[in-house]
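S.K.: Next comes query_10.txt, compact mmCIF, C-alpha atoms and all ligand atoms:
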```txt
# COMPACT_ATOMS: atom_id res chain seq x y z
CA MET A 1 -50.13 -147.81 198.04
CA PRO A 2 -53.28 -146.09 199.36
CA VAL A 3 -55.02 -147.61 202.34
CA ILE A 4 -58.68 -148.26 201.68
CA LEU A 5 -60.92 -148.57 204.72
CA ARG A 6 -63.38 -151.30 204.19
CA PRO A 7 -66.33 -151.07 206.60
CA GLY A 8 -66.45 -154.82 206.98
CA LYS A 9 -62.79 -155.12 207.90
CA HIS A 10 -62.57 -152.03 210.15
CA LYS A 11 -66.09 -152.13 211.52
CA ASP A 12 -65.01 -152.57 215.16
CA THR A 13 -62.47 -149.74 214.92
CA ILE A 14 -64.98 -147.38 213.31
CA LEU A 15 -67.63 -148.23 215.93
CA LEU A 16 -65.09 -147.67 218.72
CA ILE A 17 -64.12 -144.24 217.32
CA PHE A 18 -67.79 -143.34 216.89
CA ARG A 19 -68.60 -144.32 220.49
CA ALA A 20 -65.56 -142.45 221.82
CA ASN A 21 -66.66 -139.35 219.90
CA LYS A 22 -70.18 -139.65 221.31
CA VAL A 23 -68.82 -139.80 224.86
CA LEU A 24 -66.52 -136.84 224.14
CA MET A 25 -69.35 -134.79 222.59
CA PHE A 26 -71.64 -135.60 225.52
CA THR A 27 -68.92 -134.62 228.01
CA ILE A 28 -68.34 -131.31 226.19
CA PHE A 29 -72.09 -130.69 226.10
CA LEU A 30 -72.35 -131.39 229.86
CA LEU A 31 -69.46 -129.04 230.62
CA ILE A 32 -70.98 -126.25 228.53
CA ALA A 33 -74.40 -126.78 230.14
CA ALA A 34 -72.85 -126.75 233.64
CA TYR A 35 -70.98 -123.53 232.82
CA ILE A 36 -74.17 -121.83 231.56
CA VAL A 37 -76.05 -122.88 234.73
CA TYR A 38 -73.12 -121.67 236.90
CA ARG A 39 -73.11 -118.25 235.16
CA ALA A 40 -76.90 -117.91 235.50
CA VAL A 41 -76.89 -118.83 239.21
CA ARG A 42 -73.95 -116.48 239.86
CA GLN A 43 -75.80 -113.68 238.06
CA ILE A 44 -78.92 -114.26 240.19
CA LEU A 45 -76.95 -114.43 243.44
CA ARG A 46 -75.07 -111.22 242.59
CA VAL A 47 -78.37 -109.32 242.53
CA TYR A 48 -78.83 -110.18 246.22
CA GLU A 49 -75.28 -109.17 247.12
CA CYS A 50 -75.05 -105.73 248.76
CA PRO A 51 -72.62 -103.42 246.96
CA SER A 52 -69.60 -101.97 248.72
CA ASN A 53 -69.61 -98.39 250.01
CA GLU A 54 -67.33 -97.44 247.11
CA VAL A 55 -69.73 -98.78 244.48
CA LEU A 56 -72.75 -97.13 246.12
CA THR A 57 -70.89 -93.82 246.42
CA ALA A 58 -69.77 -94.05 242.78
CA PHE A 59 -73.39 -94.68 241.79
CA TRP A 60 -74.59 -91.70 243.83
CA ARG A 61 -71.95 -89.45 242.24
CA GLY A 62 -73.00 -90.61 238.76
CA LYS A 63 -69.71 -92.36 238.09
CA LEU A 64 -71.28 -95.67 237.09
CA ARG A 65 -72.03 -95.58 233.37
CA PRO A 66 -75.79 -96.08 232.81
CA GLY A 67 -76.42 -99.37 231.03
CA SER A 68 -73.14 -100.90 232.24
CA GLU A 69 -73.28 -104.18 234.14
CA PRO A 70 -72.43 -102.69 237.59
CA HIS A 71 -75.07 -99.99 237.05
CA ARG A 72 -77.77 -102.52 236.04
CA HIS A 73 -76.88 -104.79 238.98
CA LEU A 74 -77.10 -101.89 241.42
CA ILE A 75 -80.45 -100.67 240.06
CA THR A 76 -81.89 -104.18 240.33
CA HIS A 77 -80.42 -104.62 243.81
CA LEU A 78 -81.75 -101.28 245.05
CA GLY A 79 -85.22 -102.35 243.95
CA ASN A 80 -85.04 -105.34 246.30
CA CYS A 81 -82.87 -104.29 249.26
CA GLU A 82 -84.27 -101.87 251.84
CA LYS A 83 -80.95 -101.78 253.64
CA CYS A 84 -79.19 -100.40 250.56
CA GLN A 85 -82.05 -97.98 249.96
CA ASP A 86 -81.36 -96.69 253.49
CA ARG A 87 -77.65 -96.49 252.71
CA LEU A 88 -78.45 -94.44 249.61
CA GLN A 89 -80.63 -92.14 251.75
CA LEU A 90 -77.63 -91.55 254.02
CA LEU A 91 -75.60 -90.53 250.97
CA ARG A 92 -78.38 -88.20 249.83
CA HIS A 93 -78.30 -86.49 253.22
CA GLY A 94 -74.53 -86.12 253.00
CA LEU A 95 -73.83 -88.63 255.75
CA PRO A 96 -70.85 -90.96 255.46
CA LEU A 97 -71.53 -94.65 254.95
CA GLU A 98 -70.21 -96.71 257.81
CA ASP A 99 -69.03 -100.27 257.54
CA HIS A 100 -71.25 -101.41 260.40
CA LEU A 101 -74.28 -100.79 258.18
CA ILE A 102 -73.18 -103.58 255.87
CA ASP A 103 -74.34 -107.06 256.73
CA LYS A 104 -71.11 -109.04 256.89
CA ASP A 105 -73.00 -112.31 256.32
CA GLN A 106 -73.65 -111.32 252.72
CA ASP A 107 -69.97 -110.74 251.90
ZN ZN A 201 -78.31 -104.45 249.74
```
Would you kindly transcribe this structure into structure tokens?
M.R.:
Amino acid sequence: MPVILRPGKHKDTILLIFRANKVLMFTIFLLIAAYIVYRAVRQILRVYECPSNEVLTAFWRGKLRPGSEPHRHLITHLGNCEKCQDRLQLLRHGLPLEDHLIDKDQD
């Protein structure tokens, strides 16, 4: 025999399920929003992070594919960081990059 849900009889159950779904949907929405904010903040902070000697050398040798994420990050970073501009100058003059030129606080 089929079970027929009558709103009057199952009103409390239906309201409970509806409220539980609202809480679940809101929780999922909050988690997604928090993740988007986390990714955006991480992306912004990465721009201020000085690249390693290996990444800068790869960039100088043309081994970072133009348009790729590491390439775009480095271009943006070089526009804002005088220290890395100096490091790039050292590479241009054929001088090795030394670790002491990297600010350890930013690692
Ligand atoms: Zn830098």
S.K.: Tell me which of A:Ala58, A:Glu69, A:Asn53, A:Lys63 sits closest to ligand ZN 201 (chain A), counting all atoms listed in the file.
M.R.: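 The closest residue to ligand ZN 201 (chain A) is A:Asn53.
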S.K.: Enumerate as JSON, numbers by chain the residues within 9 Å of ligand ZN 201 (chain A), counting all atoms listed in the file.
M.R.: {"A": [47, 48, 49, 50, 51, 74, 77, 78, 80, 81, 82, 83, 84, 85, 87, 102, 103, 106]}
S.K.: What gap, in Å, lies between CA of Ile44 in chain A and CA of Phe59 in chain A?
M.R.: 20.4 Å
S.K.: Do a neighbour search on Leu91 in chain A at 10 Å with only C-alpha atoms, toss out local chain neighbours closer than 5 positions, and write the hits as a list in words.
M.R.: Asn53, Leu56, Thr57, Trp60, Arg61, Gln85, Asp86, Pro96 and Leu97 of chain A
S.K.: For the residues in that selection, give me C-alpha atoms as an mmCIF file, keeping the file's coordinate frame.
M.R.:
```cif
data_model
loop_
_atom_site.group_PDB
_atom_site.id
_atom_site.type_symbol
_atom_site.label_atom_id
_atom_site.label_comp_id
_atom_site.auth_asym_id
_atom_site.auth_seq_id
_atom_site.Cartn_x
_atom_site.Cartn_y
_atom_site.Cartn_z
ATOM 1 C CA ASN A 53 -69.610 -98.390 250.010
ATOM 2 C CA LEU A 56 -72.750 -97.130 246.120
ATOM 3 C CA THR A 57 -70.890 -93.820 246.420
ATOM 4 C CA TRP A 60 -74.590 -91.700 243.830
ATOM 5 C CA ARG A 61 -71.950 -89.450 242.240
ATOM 6 C CA GLN A 85 -82.050 -97.980 249.960
ATOM 7 C CA ASP A 86 -81.360 -96.690 253.490
ATOM 8 C CA PRO A 96 -70.850 -90.960 255.460
ATOM 9 C CA LEU A 97 -71.530 -94.650 254.950
#
```
S.K.: Between A:Leu88, A:Gly67, A:Thr27, A:Val41, which has the minimum distance to Glu54 in chain A (counting only C-alpha atoms)?
M.R.: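 That would be A:Leu88, the residue with the smallest distance to Glu54 in chain A.
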S.K.: In Å, rounded to a single decimal, give me how far CA of His73 in chain A is from CA of His93 in chain A.
M.R.: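 Between these atoms lies a distance of 23.2 Å.
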